[in-house]
Structures are given as C-alpha cells and as structure tokens.
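Text of the file input30.txt, holding compact mmCIF, N, CA and C atoms:
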# COMPACT_ATOMS: atom_id res chain seq x y z
N MET W 10 62.80 0.41 31.05
CA MET W 10 62.91 0.17 32.47
C MET W 10 63.17 1.50 33.16
N GLN W 11 62.14 2.08 33.72
CA GLN W 11 62.31 3.34 34.44
C GLN W 11 61.77 3.20 35.84
N ARG W 12 62.59 3.59 36.78
CA ARG W 12 62.19 3.58 38.17
C ARG W 12 62.21 5.03 38.63
N GLY W 13 61.06 5.60 38.83
CA GLY W 13 61.00 7.00 39.22
C GLY W 13 60.85 7.12 40.72
N PHE W 14 61.46 8.15 41.23
CA PHE W 14 61.33 8.37 42.66
C PHE W 14 61.54 9.84 42.93
N GLY W 15 60.53 10.51 43.47
CA GLY W 15 60.69 11.93 43.80
C GLY W 15 61.10 12.05 45.25
N LEU W 16 62.13 12.82 45.49
CA LEU W 16 62.61 13.02 46.85
C LEU W 16 62.29 14.43 47.27
N LEU W 17 61.59 14.56 48.38
CA LEU W 17 61.17 15.86 48.85
C LEU W 17 61.64 16.04 50.28
N VAL W 18 62.49 17.03 50.52
CA VAL W 18 62.97 17.30 51.87
C VAL W 18 62.10 18.40 52.45
N VAL W 19 61.24 18.02 53.41
CA VAL W 19 60.31 19.01 53.95
C VAL W 19 60.38 19.14 55.47
N ALA W 20 61.01 18.21 56.15
CA ALA W 20 61.01 18.27 57.61
C ALA W 20 62.41 18.44 58.15
N MET W 21 62.53 19.24 59.16
CA MET W 21 63.82 19.50 59.77
C MET W 21 63.60 19.79 61.24
N LEU W 22 64.16 19.00 62.10
CA LEU W 22 64.07 19.27 63.52
C LEU W 22 65.32 20.03 63.93
N ALA W 23 65.17 21.28 64.30
CA ALA W 23 66.33 22.12 64.59
C ALA W 23 66.86 21.94 66.00
N GLY W 24 66.08 21.40 66.88
CA GLY W 24 66.55 21.17 68.24
C GLY W 24 65.80 19.99 68.81
N SER W 25 66.52 19.13 69.51
CA SER W 25 65.88 17.95 70.04
C SER W 25 66.63 17.50 71.28
N ALA W 26 65.99 16.78 72.11
CA ALA W 26 66.61 16.19 73.30
C ALA W 26 67.34 17.23 74.14
N GLY W 27 66.71 18.37 74.35
CA GLY W 27 67.28 19.37 75.24
C GLY W 27 68.33 20.27 74.62
N ILE W 28 68.45 20.27 73.29
CA ILE W 28 69.44 21.12 72.63
C ILE W 28 68.74 22.40 72.23
N ALA W 29 68.89 23.44 73.02
CA ALA W 29 68.16 24.68 72.77
C ALA W 29 68.80 25.56 71.72
N ALA W 30 70.10 25.77 71.75
CA ALA W 30 70.74 26.72 70.86
C ALA W 30 71.32 26.08 69.60
N ALA W 31 71.49 24.78 69.57
CA ALA W 31 72.01 24.11 68.39
C ALA W 31 70.91 24.08 67.33
N GLN W 32 71.32 24.19 66.06
CA GLN W 32 70.31 24.12 65.02
C GLN W 32 70.94 23.74 63.68
N VAL W 33 70.09 23.24 62.79
CA VAL W 33 70.48 22.91 61.43
C VAL W 33 69.49 23.59 60.51
N THR W 34 70.00 24.19 59.43
CA THR W 34 69.15 24.82 58.43
C THR W 34 69.49 24.22 57.07
N ILE W 35 68.47 23.74 56.37
CA ILE W 35 68.67 23.16 55.04
C ILE W 35 68.39 24.22 53.99
N HIS W 36 69.24 24.25 52.95
CA HIS W 36 69.07 25.16 51.82
C HIS W 36 68.93 24.33 50.54
N GLY W 37 67.90 24.62 49.77
CA GLY W 37 67.70 23.91 48.51
C GLY W 37 66.88 22.65 48.68
N ARG W 38 66.49 22.12 47.57
CA ARG W 38 65.70 20.89 47.53
C ARG W 38 66.23 20.05 46.38
N PRO W 39 66.46 18.76 46.63
CA PRO W 39 67.00 17.92 45.55
C PRO W 39 66.01 17.79 44.40
N ALA W 40 66.56 17.57 43.22
CA ALA W 40 65.73 17.32 42.04
C ALA W 40 65.10 15.93 42.17
N THR W 41 64.14 15.65 41.32
CA THR W 41 63.56 14.31 41.30
C THR W 41 64.65 13.32 40.90
N LEU W 42 64.80 12.28 41.68
CA LEU W 42 65.78 11.24 41.38
C LEU W 42 65.07 10.12 40.63
N ARG W 43 65.59 9.79 39.45
CA ARG W 43 64.94 8.79 38.61
C ARG W 43 66.00 7.83 38.07
N VAL W 44 65.93 6.57 38.51
CA VAL W 44 66.83 5.54 38.00
C VAL W 44 66.27 5.12 36.64
N SER W 45 67.02 5.39 35.58
CA SER W 45 66.46 5.12 34.24
C SER W 45 67.44 4.49 33.27
N THR W 46 68.69 4.25 33.70
CA THR W 46 69.65 3.64 32.79
C THR W 46 70.34 2.47 33.47
N ALA W 47 70.82 1.56 32.62
CA ALA W 47 71.58 0.41 33.11
C ALA W 47 72.46 -0.10 31.98
N THR W 48 73.58 -0.67 32.36
CA THR W 48 74.45 -1.33 31.40
C THR W 48 73.99 -2.78 31.32
N ALA W 49 73.91 -3.32 30.11
CA ALA W 49 73.44 -4.69 29.92
C ALA W 49 74.18 -5.65 30.85
N GLY W 50 73.41 -6.45 31.59
CA GLY W 50 73.97 -7.44 32.48
C GLY W 50 74.35 -6.92 33.86
N LEU W 51 74.20 -5.61 34.08
CA LEU W 51 74.53 -5.02 35.38
C LEU W 51 73.29 -4.42 36.03
N ALA W 52 73.42 -4.10 37.30
CA ALA W 52 72.32 -3.43 38.03
C ALA W 52 72.09 -2.05 37.42
N PRO W 53 70.89 -1.50 37.58
CA PRO W 53 70.62 -0.14 37.09
C PRO W 53 71.61 0.85 37.69
N ASP W 54 71.92 1.90 36.93
CA ASP W 54 72.86 2.92 37.38
C ASP W 54 72.24 3.74 38.51
N PRO W 55 72.98 3.95 39.61
CA PRO W 55 72.45 4.80 40.68
C PRO W 55 72.36 6.25 40.23
N VAL W 56 71.53 7.01 40.92
CA VAL W 56 71.37 8.44 40.64
C VAL W 56 71.79 9.20 41.89
N VAL W 57 72.57 10.27 41.71
CA VAL W 57 73.09 11.04 42.83
C VAL W 57 72.68 12.50 42.67
N ASP W 58 72.31 13.13 43.77
CA ASP W 58 72.00 14.57 43.78
C ASP W 58 72.73 15.20 44.96
N ALA W 59 73.49 16.26 44.67
CA ALA W 59 74.21 16.97 45.73
C ALA W 59 73.96 18.47 45.60
N THR W 60 72.72 18.84 45.25
CA THR W 60 72.41 20.25 45.05
C THR W 60 71.94 20.97 46.31
N SER W 61 71.68 20.22 47.38
CA SER W 61 71.25 20.83 48.64
C SER W 61 72.45 20.98 49.56
N ASN W 62 72.34 21.92 50.50
CA ASN W 62 73.38 22.04 51.52
C ASN W 62 72.73 22.44 52.84
N PHE W 63 73.55 22.48 53.88
CA PHE W 63 73.02 22.82 55.19
C PHE W 63 74.03 23.62 55.99
N ASP W 64 73.52 24.35 56.97
CA ASP W 64 74.33 25.06 57.95
C ASP W 64 74.05 24.38 59.29
N ILE W 65 75.07 24.32 60.13
CA ILE W 65 74.87 23.74 61.45
C ILE W 65 75.51 24.64 62.50
N LYS W 66 74.75 24.91 63.55
CA LYS W 66 75.23 25.72 64.68
C LYS W 66 75.30 24.81 65.89
N LEU W 67 76.46 24.75 66.52
CA LEU W 67 76.68 23.86 67.65
C LEU W 67 77.07 24.64 68.89
N ASP W 68 76.57 24.16 70.04
CA ASP W 68 77.00 24.75 71.31
C ASP W 68 77.25 23.67 72.37
N LYS W 69 77.06 22.42 72.00
CA LYS W 69 77.35 21.32 72.92
C LYS W 69 77.56 20.06 72.10
N ASP W 70 77.97 18.98 72.77
CA ASP W 70 78.24 17.73 72.07
C ASP W 70 76.93 17.13 71.55
N THR W 71 76.85 17.00 70.24
CA THR W 71 75.65 16.48 69.60
C THR W 71 76.03 15.50 68.51
N LYS W 72 75.02 14.92 67.89
CA LYS W 72 75.18 14.15 66.67
C LYS W 72 73.95 14.42 65.81
N VAL W 73 74.02 14.08 64.54
CA VAL W 73 72.90 14.28 63.63
C VAL W 73 72.44 12.91 63.15
N THR W 74 71.11 12.70 63.21
CA THR W 74 70.52 11.47 62.69
C THR W 74 69.63 11.81 61.50
N ALA W 75 69.34 10.81 60.68
CA ALA W 75 68.46 10.99 59.53
C ALA W 75 67.53 9.79 59.41
N GLN W 76 66.32 10.05 58.92
CA GLN W 76 65.36 8.99 58.66
C GLN W 76 64.34 9.49 57.65
N ILE W 77 63.57 8.56 57.08
CA ILE W 77 62.50 8.92 56.16
C ILE W 77 61.16 8.57 56.78
N ASN W 78 60.09 9.11 56.19
CA ASN W 78 58.76 8.99 56.79
C ASN W 78 57.99 7.73 56.42
N SER W 79 58.41 7.02 55.38
CA SER W 79 57.74 5.76 55.03
C SER W 79 58.75 4.86 54.31
N PRO W 80 58.52 3.55 54.37
CA PRO W 80 59.49 2.61 53.80
C PRO W 80 59.69 2.82 52.30
N MET W 81 60.87 2.45 51.84
CA MET W 81 61.17 2.47 50.41
C MET W 81 60.57 1.22 49.76
N PRO W 82 60.27 1.29 48.47
CA PRO W 82 59.77 0.10 47.78
C PRO W 82 60.84 -1.01 47.78
N ALA W 83 60.40 -2.24 47.66
CA ALA W 83 61.33 -3.37 47.61
C ALA W 83 62.31 -3.18 46.46
N GLY W 84 63.59 -3.39 46.75
CA GLY W 84 64.62 -3.29 45.73
C GLY W 84 65.12 -1.87 45.46
N VAL W 85 64.63 -0.88 46.23
CA VAL W 85 65.03 0.52 46.04
C VAL W 85 65.63 1.03 47.36
N THR W 86 66.77 1.71 47.28
CA THR W 86 67.42 2.25 48.47
C THR W 86 67.74 3.73 48.26
N LEU W 87 67.42 4.52 49.26
CA LEU W 87 67.79 5.92 49.29
C LEU W 87 68.81 6.09 50.41
N ALA W 88 69.98 6.65 50.07
CA ALA W 88 71.04 6.85 51.06
C ALA W 88 71.39 8.33 51.12
N ILE W 89 71.95 8.75 52.25
CA ILE W 89 72.33 10.14 52.45
C ILE W 89 73.76 10.21 53.00
N THR W 90 74.47 11.25 52.57
CA THR W 90 75.78 11.57 53.11
C THR W 90 75.80 13.07 53.39
N LEU W 91 76.19 13.45 54.59
CA LEU W 91 76.34 14.86 54.94
C LEU W 91 77.82 15.19 55.08
N ASP W 92 78.25 16.31 54.51
CA ASP W 92 79.61 16.77 54.73
C ASP W 92 79.80 17.05 56.21
N ALA W 93 80.99 16.76 56.70
CA ALA W 93 81.29 16.96 58.12
C ALA W 93 82.06 18.26 58.34
N PRO W 94 81.59 19.08 59.27
CA PRO W 94 82.36 20.28 59.59
C PRO W 94 83.52 19.96 60.53
N GLY W 95 84.60 20.69 60.38
CA GLY W 95 85.72 20.56 61.31
C GLY W 95 86.19 19.13 61.51
N THR W 96 86.25 18.72 62.76
CA THR W 96 86.74 17.38 63.10
C THR W 96 85.62 16.36 63.25
N ALA W 97 84.39 16.75 62.92
CA ALA W 97 83.26 15.81 62.99
C ALA W 97 83.46 14.69 61.98
N VAL W 98 82.70 13.61 62.14
CA VAL W 98 82.83 12.44 61.28
C VAL W 98 81.53 12.22 60.51
N SER W 99 81.64 12.15 59.19
CA SER W 99 80.49 11.84 58.33
C SER W 99 80.45 10.34 58.08
N ILE W 100 79.28 9.74 58.23
CA ILE W 100 79.11 8.33 57.91
C ILE W 100 78.55 8.28 56.50
N PRO W 101 79.32 7.79 55.52
CA PRO W 101 78.91 7.88 54.13
C PRO W 101 77.80 6.91 53.75
N GLU W 102 76.96 7.38 52.85
CA GLU W 102 75.89 6.58 52.23
C GLU W 102 75.08 5.76 53.23
N VAL W 103 74.51 6.44 54.20
CA VAL W 103 73.66 5.78 55.19
C VAL W 103 72.31 5.48 54.55
N PRO W 104 71.92 4.20 54.45
CA PRO W 104 70.62 3.87 53.89
C PRO W 104 69.51 4.37 54.82
N LEU W 105 68.54 5.05 54.24
CA LEU W 105 67.47 5.65 55.05
C LEU W 105 66.27 4.71 55.15
N ASP W 106 65.70 4.66 56.34
CA ASP W 106 64.45 3.95 56.58
C ASP W 106 63.74 4.66 57.72
N LEU W 107 62.82 3.96 58.39
CA LEU W 107 62.02 4.60 59.44
C LEU W 107 62.78 4.79 60.75
N THR W 108 63.97 4.20 60.86
CA THR W 108 64.77 4.30 62.07
C THR W 108 65.76 5.45 61.94
N ALA W 109 65.86 6.28 62.97
CA ALA W 109 66.85 7.36 62.96
C ALA W 109 68.25 6.75 63.00
N ARG W 110 69.05 7.06 62.00
CA ARG W 110 70.40 6.53 61.88
C ARG W 110 71.41 7.66 61.98
N ASP W 111 72.53 7.41 62.67
CA ASP W 111 73.59 8.41 62.77
C ASP W 111 74.16 8.70 61.39
N VAL W 112 74.30 10.01 61.07
CA VAL W 112 74.92 10.42 59.82
C VAL W 112 76.11 11.35 60.06
N LEU W 113 76.13 12.06 61.17
CA LEU W 113 77.25 12.91 61.58
C LEU W 113 77.50 12.70 63.06
N THR W 114 78.73 12.42 63.42
CA THR W 114 79.09 12.21 64.82
C THR W 114 80.42 12.93 65.10
N GLY W 115 80.90 12.79 66.32
CA GLY W 115 82.22 13.31 66.66
C GLY W 115 82.30 14.82 66.81
N PHE W 116 81.23 15.43 67.31
CA PHE W 116 81.22 16.88 67.51
C PHE W 116 81.81 17.30 68.85
N ALA W 117 82.39 16.36 69.59
CA ALA W 117 82.89 16.66 70.94
C ALA W 117 83.75 17.92 70.94
N GLY W 118 83.34 18.88 71.76
CA GLY W 118 84.09 20.11 71.92
C GLY W 118 83.92 21.14 70.81
N MET W 119 83.20 20.80 69.74
CA MET W 119 83.01 21.75 68.64
C MET W 119 81.93 22.75 69.00
N LYS W 120 82.18 24.00 68.71
CA LYS W 120 81.20 25.06 68.93
C LYS W 120 81.26 26.00 67.74
N GLY W 121 80.17 26.72 67.50
CA GLY W 121 80.15 27.67 66.40
C GLY W 121 79.29 27.20 65.25
N THR W 122 79.36 27.94 64.14
CA THR W 122 78.51 27.67 62.98
C THR W 122 79.35 27.31 61.77
N SER W 123 78.94 26.27 61.07
CA SER W 123 79.54 25.88 59.79
C SER W 123 78.46 26.03 58.74
N LYS W 124 78.81 26.65 57.60
CA LYS W 124 77.81 26.93 56.56
C LYS W 124 78.16 26.27 55.24
N GLY W 125 77.10 26.01 54.46
CA GLY W 125 77.27 25.51 53.10
C GLY W 125 77.79 24.10 52.99
N LEU W 126 77.49 23.25 53.98
CA LEU W 126 77.93 21.86 53.95
C LEU W 126 77.01 21.05 53.03
N SER W 127 77.58 20.20 52.22
CA SER W 127 76.84 19.47 51.19
C SER W 127 75.99 18.33 51.75
N ILE W 128 74.82 18.14 51.14
CA ILE W 128 73.95 16.98 51.38
C ILE W 128 73.92 16.20 50.08
N THR W 129 74.30 14.92 50.12
CA THR W 129 74.28 14.08 48.93
C THR W 129 73.29 12.94 49.13
N TYR W 130 72.37 12.82 48.17
CA TYR W 130 71.39 11.73 48.16
C TYR W 130 71.78 10.77 47.05
N LYS W 131 71.65 9.47 47.31
CA LYS W 131 71.93 8.45 46.29
C LYS W 131 70.78 7.46 46.25
N LEU W 132 70.19 7.32 45.07
CA LEU W 132 69.08 6.39 44.87
C LEU W 132 69.59 5.22 44.04
N THR W 133 69.40 4.02 44.56
CA THR W 133 69.79 2.81 43.83
C THR W 133 68.59 1.89 43.74
N ALA W 134 68.62 1.05 42.70
CA ALA W 134 67.53 0.08 42.51
C ALA W 134 68.13 -1.20 41.96
N THR W 135 67.55 -2.31 42.35
CA THR W 135 67.95 -3.60 41.79
C THR W 135 67.01 -3.93 40.64
N PRO W 136 67.39 -4.83 39.75
CA PRO W 136 66.48 -5.22 38.67
C PRO W 136 65.15 -5.76 39.21
N ALA W 137 65.18 -6.38 40.40
CA ALA W 137 63.97 -6.93 41.00
C ALA W 137 62.95 -5.85 41.36
N ALA W 138 63.37 -4.60 41.46
CA ALA W 138 62.45 -3.51 41.82
C ALA W 138 61.39 -3.32 40.74
N GLY W 139 61.73 -3.65 39.49
CA GLY W 139 60.77 -3.44 38.41
C GLY W 139 60.50 -1.96 38.20
N VAL W 140 59.36 -1.67 37.63
CA VAL W 140 58.98 -0.28 37.40
C VAL W 140 58.27 0.22 38.66
N VAL W 141 58.79 1.30 39.24
CA VAL W 141 58.24 1.87 40.47
C VAL W 141 57.60 3.20 40.12
N PRO W 142 56.34 3.41 40.47
CA PRO W 142 55.72 4.70 40.19
C PRO W 142 56.41 5.83 40.96
N LEU W 143 56.32 7.03 40.43
CA LEU W 143 56.91 8.20 41.07
C LEU W 143 56.35 8.35 42.49
N GLN W 144 57.26 8.50 43.45
CA GLN W 144 56.89 8.62 44.86
C GLN W 144 57.75 9.70 45.50
N SER W 145 57.42 10.06 46.72
CA SER W 145 58.28 11.00 47.45
C SER W 145 58.44 10.53 48.89
N ARG W 146 59.50 10.99 49.51
CA ARG W 146 59.76 10.70 50.92
C ARG W 146 60.19 12.00 51.59
N THR W 147 59.86 12.14 52.86
CA THR W 147 60.35 13.24 53.67
C THR W 147 61.57 12.76 54.43
N VAL W 148 62.66 13.48 54.30
CA VAL W 148 63.88 13.16 55.04
C VAL W 148 63.94 14.11 56.24
N THR W 149 64.09 13.53 57.42
CA THR W 149 64.17 14.33 58.64
C THR W 149 65.57 14.19 59.24
N LEU W 150 66.22 15.34 59.44
CA LEU W 150 67.49 15.38 60.14
C LEU W 150 67.21 15.87 61.56
N THR W 151 67.84 15.23 62.54
CA THR W 151 67.60 15.58 63.93
C THR W 151 68.92 15.72 64.67
N LEU W 152 69.05 16.80 65.43
CA LEU W 152 70.20 16.97 66.33
C LEU W 152 69.83 16.34 67.68
N VAL W 153 70.69 15.47 68.16
CA VAL W 153 70.45 14.85 69.47
C VAL W 153 71.72 14.92 70.30
N ASN W 154 71.59 14.85 71.61
CA ASN W 154 72.76 14.83 72.48
C ASN W 154 73.60 13.60 72.17
N ALA W 155 74.89 13.80 72.06
CA ALA W 155 75.80 12.68 71.82
C ALA W 155 76.04 11.96 73.13
N PRO W 156 76.15 10.64 73.05
CA PRO W 156 76.40 9.86 74.28
C PRO W 156 77.78 10.14 74.84

Could you take the file, read its structure, and then write that structure out as structure tokens?
Amino acid sequence: MQRGFGLLVVAMLAGSAGIAAAQVTIHGRPATLRVSTATAGLAPDPVVDATSNFDIKLDKDTKVTAQINSPMPAGVTLAITLDAPGTAVSIPEVPLDLTARDVLTGFAGMKGTSKGLSITYKLTATPAAGVVPLQSRTVTLTLVNAP
C-alpha cells in the first residue's frame, strides 16, 4: 500500500492587494512526500517535511494565505503550518485546497524582516484513498491586507 505524492512549491506572490513593500521569500523545496507505512488496524502514517523556510518583510498590517493549484485526490490531505514571527499567530495544519486560507495572522503593528521561519507540510491519507499515483501540487502563499 503506497500512496505517492510529489509536492512542488513553485509559486509565490510577494505582494498583493496593494502591498508594495511587503514580501515573502521561500528557501528550499520539500522532498517528495510519500505515505507508505501503516500500523495494522490504523490509518496510514502521515508524512511530514519541514526542510523549507521563508523570510517575511512587513511594513503594514497583513496576513498570509495559502492554497494549492488543483484538488487533492479523495482521501488525501495536504496541510501547511508556517512559523509565526514575533507576535503573529500561526494557524497550525491548515488543509490546503483551491481556496486561499489564512495561515498567518495577527501582524498588527509589526514591521521589519524575519528570516528563516519554518514551513511544515503534512500529507495524510485514509485507507479509502487506495494507491494514488505520484502527483504534484503548487502551493501559493499570498500576502494580503489584514481586515
């Protein structure tokens, strides 16, 4: 029982919704995530990769959203967690889909650059997923004005 899934981070929006000087830079690329083990009677073991990191430069109140470019196969979930700089708030294990979801919030009043913040991807699969051919998804992080 092997469920392969290649994760490829290729898109990054460094400024959006009128944010000219704020930016995010991604460093590294996660390894291929492959769900391949399970304990008898339990769901397959999730796979985690935290080899990528990012820098974020802020100059106004923003938040960071994340989404993928195409749906995940049935029974398979890809989630992301970003380390939070300073007093910002990280929303852990946000399941990714085609909708931009908040992953970092609470930047009110924060300015400056934070470097080397961790990006953690978690791939999970249910037994119902069966064998899934190797695939890839583009993860897009976007800085937007915070409400």

Contacts of W:Ala138 within 5 Å, only N, CA and C atoms, excl. fewer than 2 positions in-chain, as a compact mmCIF listing (two decimals) with N, CA and C atoms, in the frame of the given file:
# COMPACT_ATOMS: atom_id res chain seq x y z
N ALA W 83 60.40 -2.24 47.66
CA ALA W 83 61.33 -3.37 47.61
C ALA W 83 62.31 -3.18 46.46
N GLY W 84 63.59 -3.39 46.75
CA GLY W 84 64.62 -3.29 45.73
C GLY W 84 65.12 -1.87 45.46
N THR W 135 67.55 -2.31 42.35
CA THR W 135 67.95 -3.60 41.79
C THR W 135 67.01 -3.93 40.64
N PRO W 136 67.39 -4.83 39.75
CA PRO W 136 66.48 -5.22 38.67
C PRO W 136 65.15 -5.76 39.21
N VAL W 140 59.36 -1.67 37.63
CA VAL W 140 58.98 -0.28 37.40
C VAL W 140 58.27 0.22 38.66

Exercise for review: Just give me the gap between atom CA of W:Gln32 and atom N of W:Thr133 in Å, one decimal is fine.
Suggested key: 28.7 Å

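Across W:Ser123, W:Gln144, W:Gln76, W:Thr60, the tightest approach to W:Pro94 is made by W:Ser123 when counting only N, CA and C atoms.
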
Put a box with edges along x, y and z around all the listed atoms of stretch 110-128 of chain W, pad it by 5 Å on each side, then give me its centre and sizes in Å, one decimal, as lines of an AutoDock Vina configuration file.
center_x = 76.6
center_y = 17.2
center_z = 61.0
size_x = 25.0
size_y = 31.4
size_z = 31.8

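Coordinates place atom C of W:Thr108 at a distance of 5.3 Å from atom C of W:Ala75.
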
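The smallest atom-to-atom distance between W:Val57 and any of W:Thr129, W:Thr114, W:Thr71, W:Thr41, using only C-alpha atoms, is found for W:Thr129.
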
Review point. Pick from W:Ile65, W:Val85, W:Leu150, W:Met119: nearest to W:Pro53, with only C-alpha atoms counted?
Key: W:Val85

Exercise for review: Mind checking which residues fall within 9 Å of W:Pro104, counting only C-alpha atoms, ignoring those fewer than 4 positions away in the same chain, and posting them as a VMD selection string?
Suggested key: chain W and resid 76 86 to 89 110 131

Exercise for review: Go ahead and compute the interatomic distance for atom C of W:Gly125 and atom CA of W:Met81, in Å to one decimal.
Suggested key: 27.4 Å

Exercise for review: Run DSSP on the backbone and grab whatever in stretch 10-147 of chain W lands in strand (DSSP E); send it over as JSON, numbers by chain.
Suggested key: {"W": [12, 13, 14, 17, 18, 19, 20, 21, 22, 32, 33, 34, 35, 36, 42, 43, 44, 56, 57, 58, 59, 60, 61, 62, 63, 64, 65, 66, 67, 71, 72, 73, 74, 75, 76, 77, 85, 86, 87, 88, 89, 90, 91, 98, 99, 103, 104, 110, 111, 112, 113, 114, 121, 122, 123, 124, 125, 126, 127, 128, 129, 130, 131, 132, 133, 134, 147]}

Review point. Which is closer to W:Pro82 than all the others in W:Val141, W:Ala49, W:Val98, W:Ala59, using only C-alpha atoms?
Key: W:Val141

Could you pull the residues within 9 Å of W:Thr96, counting only C-alpha atoms, minus those fewer than 3 positions along the same chain, as a PDB file with N, CA and C atoms, keeping the file's coordinate frame?
ATOM      1  N   ALA W  93      80.990  16.760  56.700  1.00  0.00           N
ATOM      2  CA  ALA W  93      81.290  16.960  58.120  1.00  0.00           C
ATOM      3  C   ALA W  93      82.060  18.260  58.340  1.00  0.00           C
ATOM      4  N   GLY W 115      80.900  12.790  66.320  1.00  0.00           N
ATOM      5  CA  GLY W 115      82.220  13.310  66.660  1.00  0.00           C
ATOM      6  C   GLY W 115      82.300  14.820  66.810  1.00  0.00           C
ATOM      7  N   PHE W 116      81.230  15.430  67.310  1.00  0.00           N
ATOM      8  CA  PHE W 116      81.220  16.880  67.510  1.00  0.00           C
ATOM      9  C   PHE W 116      81.810  17.300  68.850  1.00  0.00           C
ATOM     10  N   ALA W 117      82.390  16.360  69.590  1.00  0.00           N
ATOM     11  CA  ALA W 117      82.890  16.660  70.940  1.00  0.00           C
ATOM     12  C   ALA W 117      83.750  17.920  70.940  1.00  0.00           C
ATOM     13  N   MET W 119      83.200  20.800  69.740  1.00  0.00           N
ATOM     14  CA  MET W 119      83.010  21.750  68.640  1.00  0.00           C
ATOM     15  C   MET W 119      81.930  22.750  69.000  1.00  0.00           C
TER      16      MET W 119
END

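If you count only N, CA and C atoms and ignore residues fewer than 5 places along the chain from W:Val112, what sits within 7 Å of it is Lys72, Val73, Thr74, Ala75, Ile89, Thr90, Leu91, Val98, Ser99, Ile100, Pro101 and Val103 of chain W.
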
Practice item. Name the residues in contact with W:Ile77 at a cut-off of 7 Å, using all atoms listed in the file, excluding same-chain residues fewer than 3 positions from it; report them as an MDAnalysis selection string. Key: chainID W and resid 80 105:109 146:149

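Nearest to W:Thr34 of all the residues W:Asp54, W:Asn78, W:Asp64, W:Ala47 is W:Asp64, based on all atoms listed in the file.
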